[in-house]
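Novice: Contents are mmCIF, C-alpha atoms; file name coords31.cif:
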data_start
loop_
_atom_site.label_atom_id
_atom_site.label_comp_id
_atom_site.auth_asym_id
_atom_site.auth_seq_id
_atom_site.Cartn_x
_atom_site.Cartn_y
_atom_site.Cartn_z
CA MET A 4 4.77 27.91 -19.00
CA ALA A 5 6.69 25.23 -20.88
CA LEU A 6 8.50 26.28 -24.04
CA LEU A 7 8.89 23.80 -26.87
CA VAL A 8 12.14 24.15 -28.80
CA TYR A 9 13.38 22.07 -31.73
CA PHE A 10 17.00 22.07 -32.86
CA PHE A 11 19.63 19.66 -34.10
CA TRP A 12 22.83 18.87 -32.20
CA PRO A 13 24.69 16.84 -33.16
CA PRO A 14 23.19 16.55 -36.70
CA HIS A 15 21.83 13.01 -36.19
CA TRP A 16 19.96 13.77 -32.96
CA THR A 17 16.54 15.43 -32.83
CA VAL A 18 16.15 17.28 -29.53
CA TRP A 19 13.12 18.33 -27.48
CA LYS A 20 13.68 20.74 -24.61
CA LEU A 21 11.60 22.29 -21.85
CA SER A 22 12.77 25.68 -20.59
CA GLY A 23 13.78 25.92 -16.95
CA GLN A 24 16.49 24.33 -14.88
CA ARG A 25 19.42 22.32 -16.15
CA PRO A 26 17.89 19.27 -17.90
CA ARG A 27 18.87 15.62 -18.04
CA SER A 28 19.06 13.58 -21.22
CA PHE A 29 17.27 10.44 -22.42
CA TYR A 30 18.64 8.62 -25.47
CA GLY A 31 16.53 6.50 -27.80
CA LYS A 32 16.43 4.98 -31.27
CA VAL A 33 13.49 3.92 -33.46
CA VAL A 34 14.28 0.92 -35.69
CA ASP A 35 12.71 -1.45 -38.22
CA HIS A 36 12.94 -5.26 -38.12
CA ASN A 37 16.52 -5.11 -39.46
CA GLY A 38 17.64 -2.64 -36.80
CA SER A 39 17.84 0.22 -39.31
CA GLY A 40 16.76 3.66 -38.15
CA ILE A 41 13.35 5.14 -38.94
CA GLU A 42 12.19 8.74 -38.98
CA ALA A 43 9.27 8.91 -36.57
CA GLU A 44 7.30 11.09 -34.18
CA ILE A 45 7.67 10.05 -30.55
CA VAL A 46 4.89 11.31 -28.27
CA ILE A 47 6.14 11.71 -24.69
CA GLN A 48 4.79 12.70 -21.30
CA GLN A 49 7.00 14.05 -18.52
CA SER A 50 5.68 13.93 -14.97
CA LYS A 51 6.69 13.94 -11.35
CA LEU A 52 5.62 11.20 -8.98
CA VAL A 53 3.14 12.19 -6.30
CA SER A 54 1.52 10.36 -3.41
CA GLY A 55 -1.85 8.87 -4.21
CA SER A 56 -5.07 9.29 -2.28
CA TRP A 57 -5.92 7.46 0.93
CA LEU A 58 -7.72 4.93 -1.28
CA GLN A 59 -4.56 4.39 -3.34
CA PRO A 60 -1.54 5.56 -1.27
CA SER A 61 1.12 4.35 -3.72
CA LEU A 62 3.03 6.77 -5.94
CA ALA A 63 1.55 7.77 -9.29
CA PRO A 64 2.66 10.11 -12.10
CA GLU A 65 1.09 13.57 -12.11
CA ARG A 66 0.33 14.00 -15.80
CA ARG A 67 -0.03 17.64 -16.83
CA PRO A 68 -0.97 18.58 -20.43
CA GLU A 69 1.75 21.24 -20.62
CA ASN A 70 4.41 18.55 -20.07
CA ARG A 71 3.24 16.42 -22.99
CA GLY A 72 4.85 16.85 -26.41
CA SER A 73 6.60 15.18 -29.32
CA VAL A 74 10.16 14.54 -30.42
CA TYR A 75 11.24 13.46 -33.89
CA SER A 76 13.91 10.90 -34.67
CA GLY A 77 16.47 11.60 -37.39
CA LYS A 78 17.05 9.49 -40.50
CA ASN A 79 19.09 6.99 -38.51
CA GLY A 80 16.34 6.70 -35.88
CA ASN A 81 18.14 8.48 -33.03
CA PHE A 82 16.34 10.94 -30.79
CA LEU A 83 17.14 12.79 -27.58
CA VAL A 84 14.83 14.06 -24.84
CA TYR A 85 15.84 16.69 -22.31
CA LEU A 86 14.05 16.12 -19.01
CA GLN A 87 13.43 18.70 -16.33
CA PRO A 88 15.05 17.87 -12.95
CA ASP A 89 11.67 18.10 -11.18
CA LEU A 90 9.99 15.86 -13.76
CA ASN A 91 11.69 12.53 -13.25
CA TYR A 92 9.06 10.18 -14.74
CA LEU A 93 9.10 9.74 -18.53
CA GLU A 94 6.42 7.93 -20.52
CA ILE A 95 6.70 7.03 -24.18
CA VAL A 96 3.03 7.46 -25.10
CA ASP A 97 3.18 6.56 -28.80
CA ILE A 98 5.53 6.31 -31.77
CA LYS A 99 4.19 7.18 -35.20
CA ALA A 100 5.66 6.57 -38.65
CA PRO A 101 3.90 6.10 -42.03
CA SER A 102 3.22 2.39 -42.79
CA TYR A 103 4.62 1.32 -39.41
CA GLN A 104 3.24 0.26 -36.04
CA TRP A 105 5.10 0.65 -32.76
CA VAL A 106 5.74 -2.75 -31.19
CA THR A 107 5.33 -2.99 -27.42
CA ASP A 108 4.67 -6.04 -25.26
CA TRP A 109 1.27 -6.87 -23.79
CA SER A 110 3.04 -8.89 -21.10
CA TRP A 111 4.34 -5.65 -19.55
CA GLN A 112 0.81 -5.15 -18.20
CA VAL A 113 1.22 -8.25 -16.03
CA GLU A 114 3.72 -6.47 -13.76
CA GLN A 115 2.20 -4.44 -10.94
CA ASP A 116 4.84 -1.72 -10.55
CA ILE A 117 4.51 1.55 -12.44
CA VAL A 118 7.86 0.76 -14.06
CA ALA A 119 7.79 -2.73 -15.57
CA THR A 120 11.13 -4.55 -15.52
CA ASN A 121 11.74 -4.82 -19.29
CA SER A 122 9.38 -2.11 -20.48
CA ASN A 123 10.66 0.72 -22.65
CA LYS A 124 7.44 2.72 -22.18
CA TRP A 125 8.04 3.95 -18.61
CA PHE A 126 11.23 5.33 -17.06
CA CYS A 127 11.73 6.72 -13.56
CA LEU A 128 14.89 8.75 -13.01
CA SER A 129 16.28 9.91 -9.68
CA GLY A 130 14.24 12.55 -7.88
CA PRO A 131 12.42 13.44 -4.64
CA ARG A 132 10.04 10.49 -5.12
CA VAL A 133 11.12 7.42 -7.06
CA ALA A 134 9.87 4.02 -8.12
CA TYR A 135 12.37 1.21 -8.61
CA PRO A 136 14.16 0.48 -10.80
CA ILE A 137 15.70 3.96 -11.03
CA TYR A 138 16.77 4.61 -14.60
CA GLU A 139 20.17 6.02 -15.58
CA PRO A 140 20.45 6.99 -19.29
CA ASP A 141 23.58 6.17 -21.29
CA ALA A 142 24.44 7.66 -24.69
CA ASN A 143 26.42 4.49 -25.49
CA ASN A 144 23.50 2.18 -24.67
CA VAL A 145 20.37 3.82 -26.06
CA ALA A 146 16.80 2.62 -25.57
CA VAL A 147 15.58 0.74 -28.66
CA PHE A 148 12.02 1.06 -29.95
CA PRO A 149 11.12 -1.48 -32.66
CA MET A 150 8.55 -0.81 -35.37
CA TYR A 151 6.60 -3.29 -37.49
CA LYS A 152 6.13 -2.51 -41.18
CA ILE A 153 2.46 -3.20 -41.90
CA GLY A 154 2.04 -6.21 -44.18
CA ASP A 155 5.64 -7.38 -43.84
CA PRO A 156 6.01 -11.07 -42.87
CA SER A 157 9.15 -10.34 -40.85
CA PRO A 158 8.74 -9.99 -37.07
CA SER A 159 10.14 -6.94 -35.32
CA THR A 160 13.49 -6.81 -33.61
CA ARG A 161 13.87 -6.86 -29.82
CA PRO A 162 13.24 -3.77 -27.66
CA SER A 163 15.62 -2.46 -25.02
CA ARG A 164 15.33 -0.01 -22.15
CA GLY A 165 18.92 0.98 -22.77
CA GLY A 166 20.99 2.67 -20.08
CA PHE A 167 21.13 1.19 -16.60
CA ASP A 168 18.63 0.34 -13.88
CA ARG A 169 19.45 0.82 -10.21
CA LEU A 170 17.60 -1.89 -8.31
CA ARG A 171 16.20 -1.87 -4.79
CA ASP A 172 19.32 -3.56 -3.45
CA LYS A 173 21.37 -0.65 -4.96
CA THR A 174 23.01 -2.86 -7.60
CA LEU A 175 23.30 -1.51 -11.14
CA ARG A 176 21.92 -3.58 -14.02
CA THR A 177 22.91 -2.95 -17.63
CA ASN A 178 19.83 -3.14 -19.83
CA ARG A 179 20.09 -5.30 -22.96
CA PRO A 180 17.58 -6.20 -25.70
CA THR A 181 14.89 -8.59 -24.44
CA GLU A 182 12.57 -11.05 -26.16
CA LEU A 183 8.97 -9.97 -26.57
CA GLY A 184 6.47 -12.04 -24.59
CA ILE A 185 3.32 -10.93 -26.43
CA PRO A 186 4.17 -8.54 -29.31
CA SER A 187 1.54 -5.87 -29.88
CA ALA A 188 2.06 -5.88 -33.67
CA GLY A 189 3.48 -8.21 -36.29
CA PRO A 190 2.72 -11.59 -37.87
CA GLY A 191 0.41 -13.78 -35.78
CA THR A 192 0.00 -11.30 -32.92
CA PRO A 193 -3.31 -10.98 -31.02
CA VAL A 194 -5.55 -8.24 -32.41
CA THR A 195 -8.99 -8.23 -30.81
CA PRO A 196 -9.50 -7.44 -27.11
CA LYS A 197 -10.56 -11.07 -26.54
CA GLU A 198 -7.40 -12.40 -28.23
CA ILE A 199 -5.20 -10.02 -26.24
CA GLU A 200 -6.91 -10.98 -22.96
CA GLN A 201 -6.42 -14.68 -23.72
CA ALA A 202 -2.77 -14.15 -24.70
CA ILE A 203 -2.10 -12.30 -21.43
CA ARG A 204 -3.86 -15.06 -19.47
CA ASP A 205 -1.81 -17.78 -21.20
CA TYR A 206 1.41 -15.83 -20.66
CA THR A 207 0.64 -15.28 -16.98
CA GLU A 208 -0.16 -18.95 -16.40
CA LYS A 209 3.06 -20.03 -18.13
CA ARG A 210 5.13 -17.47 -16.22
CA ASN A 211 3.66 -18.55 -12.89
CA ALA A 212 4.28 -22.21 -13.72
CA ASP A 213 7.88 -21.44 -14.71
CA GLN A 214 8.43 -19.47 -11.50
CA LEU A 215 6.99 -22.33 -9.43
CA ARG A 216 9.29 -24.86 -11.10
CA GLN A 217 12.28 -22.60 -10.54
CA SER A 218 11.34 -22.13 -6.90
CA GLN A 219 11.00 -25.88 -6.45
CA LYS A 220 14.42 -26.44 -8.00
CA GLU A 221 16.01 -23.86 -5.69
CA THR A 222 14.29 -25.40 -2.67
CA ALA A 223 15.49 -28.88 -3.66
CA LYS A 224 19.06 -27.61 -4.06
CA TYR A 225 18.92 -25.93 -0.65
CA LEU A 226 17.58 -29.05 1.06
CA ALA A 227 20.23 -31.20 -0.63
CA ARG A 228 23.02 -28.85 0.53
CA ARG A 229 21.60 -28.79 4.05
CA ALA A 230 21.35 -32.60 4.17
CA GLN A 231 24.96 -32.90 2.98
CA LEU A 232 26.16 -30.47 5.66
CA GLU A 233 24.32 -32.35 8.37
CA LYS A 234 25.79 -35.61 7.11
CA ASP A 235 29.30 -34.14 7.15
CA GLU A 236 28.77 -32.83 10.69
CA ARG A 237 27.61 -36.26 11.92
CA GLU A 238 30.58 -37.97 10.32
CA GLN A 239 32.88 -35.40 11.91
CA ARG A 240 31.39 -36.05 15.37
CA ASP A 241 31.56 -39.84 14.97
CA ARG A 242 35.25 -39.87 14.15
CA PRO A 243 37.45 -41.28 17.00
#
Have the structure of the file written as C-alpha coordinates, please.
Specialist:
Amino acid sequence: MALLVYFFWPPHWTVWKLSGQRPRSFYGKVVDHNGSGIEAEIVIQQSKLVSGSWLQPSLAPERRPENRGSVYSGKNGNFLVYLQPDLNYLEIVDIKAPSYQWVTDWSWQVEQDIVATNSNKWFCLSGPRVAYPIYEPDANNVAVFPMYKIGDPSPSTRPSRGGFDRLRDKTLRTNRPTELGIPSAGPGTPVTPKEIEQAIRDYTEKRNADQLRQSQKETAKYLARRAQLEKDEREQRDRP
(Lines of atoms letter the chains of each structure in order from A and count residues from 1; the text may use other names and numbers.)
(Lines give C-alpha, C1' and ligand atoms only; values in the text may rest on other atoms or scores of the structure.)
Protein backbone atom coordinates (compact mmCIF):
# COMPACT_ATOMS: atom_id res chain seq x y z
CA MET A 1 0.00 0.00 0.00
CA ALA A 2 1.31 3.46 -0.89
CA LEU A 3 2.45 5.67 1.96
CA LEU A 4 2.06 9.42 1.67
CA VAL A 5 4.84 11.40 3.35
CA TYR A 6 5.29 15.17 3.51
CA PHE A 7 8.57 16.80 4.47
CA PHE A 8 10.73 19.74 3.47
CA TRP A 9 14.20 19.40 1.98
CA PRO A 10 15.68 21.74 1.07
CA PRO A 11 13.45 24.35 2.80
CA HIS A 12 12.02 25.77 -0.45
CA TRP A 13 10.93 22.42 -1.90
CA THR A 14 7.73 20.61 -0.92
CA VAL A 15 8.18 16.87 -1.41
CA TRP A 16 5.73 14.02 -2.02
CA LYS A 17 7.04 10.47 -1.74
CA LEU A 18 5.70 6.97 -2.29
CA SER A 19 7.32 4.23 -0.21
CA GLY A 20 9.10 1.47 -2.09
CA GLN A 21 12.10 1.37 -4.36
CA ARG A 22 14.56 4.16 -5.00
CA PRO A 23 12.50 7.01 -6.53
CA ARG A 24 13.21 9.48 -9.30
CA SER A 25 12.58 13.20 -9.05
CA PHE A 26 10.39 15.63 -11.01
CA TYR A 27 10.95 19.36 -10.56
CA GLY A 28 8.27 21.99 -11.06
CA LYS A 29 7.33 25.57 -10.25
CA VAL A 30 3.92 27.28 -10.04
CA VAL A 31 4.04 30.96 -11.07
CA ASP A 32 1.81 34.01 -11.62
CA HIS A 33 1.83 36.24 -14.71
CA ASN A 34 5.04 37.94 -13.51
CA GLY A 35 6.84 34.64 -13.00
CA SER A 36 6.68 34.94 -9.21
CA GLY A 37 6.09 31.77 -7.22
CA ILE A 38 2.68 30.80 -5.84
CA GLU A 39 1.76 28.46 -3.02
CA ALA A 40 -0.56 25.87 -4.54
CA GLU A 41 -1.83 22.31 -4.36
CA ILE A 42 -0.75 20.17 -7.30
CA VAL A 43 -2.88 17.07 -7.86
CA ILE A 44 -0.87 14.32 -9.55
CA GLN A 45 -1.39 10.80 -10.86
CA GLN A 46 1.43 8.31 -11.24
CA SER A 47 0.91 5.33 -13.54
CA LYS A 48 2.67 2.73 -15.58
CA LEU A 49 1.98 2.28 -19.27
CA VAL A 50 0.20 -0.91 -20.25
CA SER A 51 -0.86 -2.41 -23.56
CA GLY A 52 -4.41 -1.61 -24.56
CA SER A 53 -7.11 -4.04 -25.62
CA TRP A 54 -7.36 -5.63 -29.05
CA LEU A 55 -9.74 -2.79 -29.92
CA GLN A 56 -7.13 -0.20 -28.89
CA PRO A 57 -3.68 -1.88 -28.93
CA SER A 58 -1.69 1.30 -28.24
CA LEU A 59 -0.16 2.00 -24.83
CA ALA A 60 -2.26 3.70 -22.17
CA PRO A 61 -1.64 4.74 -18.54
CA GLU A 62 -2.97 2.36 -15.89
CA ARG A 63 -4.48 4.82 -13.42
CA ARG A 64 -4.83 3.39 -9.91
CA PRO A 65 -6.47 5.44 -7.12
CA GLU A 66 -3.70 4.59 -4.65
CA ASN A 67 -1.15 6.31 -6.92
CA ARG A 68 -3.05 9.59 -7.00
CA GLY A 69 -2.19 12.34 -4.51
CA SER A 70 -1.22 15.96 -3.99
CA VAL A 71 1.98 17.93 -3.57
CA TYR A 72 2.22 21.50 -2.30
CA SER A 73 4.49 24.18 -3.68
CA GLY A 74 6.44 26.41 -1.31
CA LYS A 75 6.21 30.21 -1.12
CA ASN A 76 8.47 30.57 -4.14
CA GLY A 77 6.35 28.12 -6.15
CA ASN A 78 8.82 25.22 -6.26
CA PHE A 79 7.70 21.64 -5.75
CA LEU A 80 9.29 18.22 -6.09
CA VAL A 81 7.71 14.86 -6.87
CA TYR A 82 9.40 11.54 -6.17
CA LEU A 83 8.33 8.93 -8.72
CA GLN A 84 8.46 5.19 -8.28
CA PRO A 85 10.72 3.39 -10.81
CA ASP A 86 7.82 1.17 -11.94
CA LEU A 87 5.49 4.15 -12.36
CA ASN A 88 7.05 6.09 -15.19
CA TYR A 89 4.02 8.09 -16.41
CA LEU A 90 3.23 11.31 -14.53
CA GLU A 91 0.07 13.36 -15.02
CA ILE A 92 -0.51 16.81 -13.56
CA VAL A 93 -4.25 16.50 -12.97
CA ASP A 94 -4.96 19.93 -11.50
CA ILE A 95 -3.33 22.89 -9.76
CA LYS A 96 -5.32 24.77 -7.14
CA ALA A 97 -4.67 28.12 -5.48
CA PRO A 98 -7.14 30.66 -4.01
CA SER A 99 -8.19 33.31 -6.59
CA TYR A 100 -6.16 31.60 -9.34
CA GLN A 101 -6.85 29.31 -12.29
CA TRP A 102 -4.31 26.93 -13.76
CA VAL A 103 -3.54 27.85 -17.36
CA THR A 104 -3.15 24.97 -19.81
CA ASP A 105 -3.51 24.96 -23.59
CA TRP A 106 -6.56 23.59 -25.40
CA SER A 107 -4.37 23.07 -28.47
CA TRP A 108 -2.58 20.22 -26.67
CA GLN A 109 -5.69 18.14 -27.36
CA VAL A 110 -5.01 18.37 -31.09
CA GLU A 111 -1.98 16.07 -30.80
CA GLN A 112 -2.73 12.35 -30.95
CA ASP A 113 0.09 11.00 -28.79
CA ILE A 114 -0.44 10.46 -25.07
CA VAL A 115 2.44 12.88 -24.48
CA ALA A 116 1.82 16.12 -26.40
CA THR A 117 4.98 17.85 -27.62
CA ASN A 118 4.74 21.07 -25.57
CA SER A 119 2.35 19.90 -22.87
CA ASN A 120 3.30 20.18 -19.22
CA LYS A 121 0.39 17.95 -18.15
CA TRP A 122 1.82 14.57 -19.22
CA PHE A 123 5.34 13.22 -18.76
CA CYS A 124 6.67 9.77 -19.67
CA LEU A 125 9.99 8.81 -18.11
CA SER A 126 12.14 5.82 -19.04
CA GLY A 127 10.70 2.43 -18.14
CA PRO A 128 9.68 -1.00 -19.48
CA ARG A 129 7.08 0.63 -21.76
CA VAL A 130 7.52 4.18 -23.00
CA ALA A 131 5.87 6.76 -25.20
CA TYR A 132 8.03 9.32 -26.97
CA PRO A 133 9.26 11.84 -26.12
CA ILE A 134 10.92 10.27 -23.06
CA TYR A 135 11.23 12.89 -20.35
CA GLU A 136 14.42 13.53 -18.36
CA PRO A 137 13.95 15.90 -15.37
CA ASP A 138 16.52 18.60 -14.60
CA ALA A 139 16.71 20.54 -11.33
CA ASN A 140 18.28 23.46 -13.24
CA ASN A 141 15.47 23.57 -15.81
CA VAL A 142 12.22 23.03 -13.93
CA ALA A 143 8.78 22.61 -15.48
CA VAL A 144 6.81 25.87 -15.26
CA PHE A 145 3.07 25.94 -14.52
CA PRO A 146 1.46 29.37 -15.05
CA MET A 147 -1.59 30.54 -13.11
CA TYR A 148 -4.10 33.25 -14.01
CA LYS A 149 -5.31 35.57 -11.25
CA ILE A 150 -9.08 35.77 -11.67
CA GLY A 151 -10.16 39.23 -12.78
CA ASP A 152 -6.66 40.41 -13.63
CA PRO A 153 -6.31 41.93 -17.14
CA SER A 154 -2.77 40.58 -17.48
CA PRO A 155 -2.33 37.34 -19.47
CA SER A 156 -0.40 34.47 -17.94
CA THR A 157 3.25 33.76 -18.57
CA ARG A 158 4.43 30.92 -20.82
CA PRO A 159 4.47 27.28 -19.66
CA SER A 160 7.43 24.95 -19.98
CA ARG A 161 7.92 21.20 -19.72
CA GLY A 162 11.35 21.85 -18.27
CA GLY A 163 14.05 19.19 -18.33
CA PHE A 164 14.85 17.38 -21.56
CA ASP A 165 12.94 15.25 -24.06
CA ARG A 166 14.56 12.28 -25.76
CA LEU A 167 13.00 12.02 -29.21
CA ARG A 168 12.40 8.97 -31.39
CA ASP A 169 15.63 9.59 -33.28
CA LYS A 170 17.48 9.47 -29.89
CA THR A 171 18.37 13.18 -29.97
CA LEU A 172 17.98 15.19 -26.78
CA ARG A 173 15.88 18.36 -26.85
CA THR A 174 16.11 21.01 -24.13
CA ASN A 175 12.62 22.20 -23.24
CA ARG A 176 12.06 25.96 -23.11
CA PRO A 177 8.97 28.10 -22.42
CA THR A 178 6.48 27.97 -25.30
CA GLU A 179 3.70 30.28 -26.45
CA LEU A 180 0.17 29.21 -25.63
CA GLY A 181 -1.97 28.38 -28.66
CA ILE A 182 -5.37 28.48 -26.94
CA PRO A 183 -5.01 29.49 -23.26
CA SER A 184 -7.54 27.80 -20.98
CA ALA A 185 -7.85 30.86 -18.71
CA GLY A 186 -7.18 34.58 -18.92
CA PRO A 187 -8.47 37.65 -20.77
CA GLY A 188 -10.40 36.84 -23.95
CA THR A 189 -10.03 33.06 -23.67
CA PRO A 190 -12.82 30.71 -24.81
CA VAL A 191 -15.15 29.69 -21.97
CA THR A 192 -18.15 27.72 -23.18
CA PRO A 193 -17.80 24.26 -24.77
CA LYS A 194 -18.93 25.75 -28.11
CA GLU A 195 -16.29 28.52 -27.92
CA ILE A 196 -13.58 26.01 -27.00
CA GLU A 197 -14.59 23.68 -29.85
CA GLN A 198 -14.51 26.56 -32.34
CA ALA A 199 -11.13 27.78 -31.04
CA ILE A 200 -9.65 24.27 -31.43
CA ARG A 201 -11.12 24.02 -34.94
CA ASP A 202 -9.65 27.40 -35.94
CA TYR A 203 -6.28 26.50 -34.43
CA THR A 204 -6.20 23.15 -36.23
CA GLU A 205 -7.08 24.71 -39.59
CA LYS A 206 -4.39 27.36 -39.16
CA ARG A 207 -1.80 24.80 -38.07
CA ASN A 208 -2.58 22.53 -41.02
CA ALA A 209 -2.37 25.48 -43.43
CA ASP A 210 0.97 26.55 -41.93
CA GLN A 211 2.32 23.00 -42.20
CA LEU A 212 1.18 22.78 -45.83
CA ARG A 213 2.91 26.06 -46.70
CA GLN A 214 6.09 24.91 -44.96
CA SER A 215 5.98 21.60 -46.81
CA GLN A 216 5.51 23.41 -50.12
CA LYS A 217 8.48 25.66 -49.37
CA GLU A 218 10.69 22.66 -48.53
CA THR A 219 9.57 20.87 -51.70
CA ALA A 220 10.32 23.95 -53.81
CA LYS A 221 13.79 24.25 -52.27
CA TYR A 222 14.49 20.57 -52.94
CA LEU A 223 13.36 20.82 -56.57
CA ALA A 224 15.45 23.96 -57.08
CA ARG A 225 18.56 22.24 -55.65
CA ARG A 226 17.94 19.17 -57.79
CA ALA A 227 17.49 21.29 -60.94
CA GLN A 228 20.73 23.14 -60.19
CA LEU A 229 22.63 19.87 -59.72
CA GLU A 230 21.31 18.49 -62.99
CA LYS A 231 22.27 21.71 -64.74
CA ASP A 232 25.79 21.55 -63.30
CA GLU A 233 26.11 17.90 -64.38
CA ARG A 234 25.04 18.73 -67.95
CA GLU A 235 27.49 21.62 -68.14
CA GLN A 236 30.23 19.34 -66.84
CA ARG A 237 29.49 16.72 -69.51
CA ASP A 238 29.33 19.31 -72.31
CA ARG A 239 32.75 20.73 -71.55
CA PRO A 240 35.42 19.81 -74.18
Novice: What does the distance between atom CA of Leu83 of chain A and atom CA of Lys32 of chain A come to in Å, to one decimal place?
Specialist: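 It comes out at 8.7 Å.
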Novice: Can you measure atom CA of Ser54 of chain A to atom CA of Ser28 of chain A for me? One decimal in Å is fine.
Specialist: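 That distance, rounded to one decimal, is 25.2 Å.
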Novice: Please tabulate, as CSV, the residues of segment 47-135 of chain A that come within 6 Å of segment 152-172 of chain A, each with its closest pair of atoms and the distance in Å to one decimal, counting only C-alpha atoms and ordering rows by chain, then residue number upward.
Specialist:
residue,atom,partner,partner_atom,distance
A:Ser102,CA,A:Ile153,CA,5.7
A:Tyr103,CA,A:Lys152,CA,4.5
A:Asn123,CA,A:Arg164,CA,4.8
Novice: Taking 3 positions as the minimum chain separation for residues in the same chain, which residues sit within 7 Å of segment 93-100 of chain A when counting only C-alpha atoms? Answer as a list in words.
Specialist: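 Contacts, in chain order: Glu42, Ala43, Glu44, Ile45, Val46, Ile47, Gln48, Gln49, Ser50, Tyr103, Trp105, Lys124, Trp125, Phe126 and Cys127 of chain A.
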Novice: Store the residues picked out above in a file with C-alpha atoms, as a PDB file, in the frame of the given file.
Specialist:
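Written output follows (out.pdb):
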ATOM      1  CA  GLU A  42      12.190   8.740 -38.980  1.00  0.00           C
ATOM      2  CA  ALA A  43       9.270   8.910 -36.570  1.00  0.00           C
ATOM      3  CA  GLU A  44       7.300  11.090 -34.180  1.00  0.00           C
ATOM      4  CA  ILE A  45       7.670  10.050 -30.550  1.00  0.00           C
ATOM      5  CA  VAL A  46       4.890  11.310 -28.270  1.00  0.00           C
ATOM      6  CA  ILE A  47       6.140  11.710 -24.690  1.00  0.00           C
ATOM      7  CA  GLN A  48       4.790  12.700 -21.300  1.00  0.00           C
ATOM      8  CA  GLN A  49       7.000  14.050 -18.520  1.00  0.00           C
ATOM      9  CA  SER A  50       5.680  13.930 -14.970  1.00  0.00           C
ATOM     10  CA  TYR A 103       4.620   1.320 -39.410  1.00  0.00           C
ATOM     11  CA  TRP A 105       5.100   0.650 -32.760  1.00  0.00           C
ATOM     12  CA  LYS A 124       7.440   2.720 -22.180  1.00  0.00           C
ATOM     13  CA  TRP A 125       8.040   3.950 -18.610  1.00  0.00           C
ATOM     14  CA  PHE A 126      11.230   5.330 -17.060  1.00  0.00           C
ATOM     15  CA  CYS A 127      11.730   6.720 -13.560  1.00  0.00           C
TER      16      CYS A 127
END
Novice: Quick check on the file I pasted: which residues fall under the PyMOL selection byres ((chain A and resi 144) around 10)? Write them as a list in words.
Specialist: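 In the shown coordinates, the PyMOL selection byres ((chain A and resi 144) around 10) covers Tyr30, Gly31, Pro140, Asp141, Ala142, Asn143, Val145, Ala146, Val147, Ser163, Arg164, Gly165, Gly166, Phe167, Thr177, Asn178 and Arg179 of chain A.
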Novice: Let me know the residues the PyMOL selection byres ((chain A and resi 183) around 9) catches in the file above, as JSON, numbers by chain.
Specialist: {"A": [107, 108, 109, 110, 160, 161, 162, 181, 182, 184, 185, 186]}
Novice: Kindly resolve the PyMOL selection byres ((chain A and resi 70) around 8) on the present coordinates and return the residues as a tab-separated table (two decimals) with C-alpha atoms, in the frame of the given file.
Specialist:
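Now in selection_11.tsv:
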chain	number	residue	atom	x	y	z
A	5	ALA	CA	6.69	25.23	-20.88
A	48	GLN	CA	4.79	12.70	-21.30
A	49	GLN	CA	7.00	14.05	-18.52
A	50	SER	CA	5.68	13.93	-14.97
A	66	ARG	CA	0.33	14.00	-15.80
A	67	ARG	CA	-0.03	17.64	-16.83
A	68	PRO	CA	-0.97	18.58	-20.43
A	69	GLU	CA	1.75	21.24	-20.62
A	71	ARG	CA	3.24	16.42	-22.99
A	72	GLY	CA	4.85	16.85	-26.41
Novice: So what do you get for atom CA of Pro180 of chain A versus atom CA of Arg204 of chain A, distance-wise?
Specialist: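 We find that atom CA of Pro180 of chain A and atom CA of Arg204 of chain A lie 24.0 Å from each other.
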Novice: Select, from A:Gln87, A:Gln231, A:Ser187, A:Asn79, the residue with the minimum atom-to-atom distance to Phe29 of chain A, counting only C-alpha atoms.
Specialist: A:Gln87
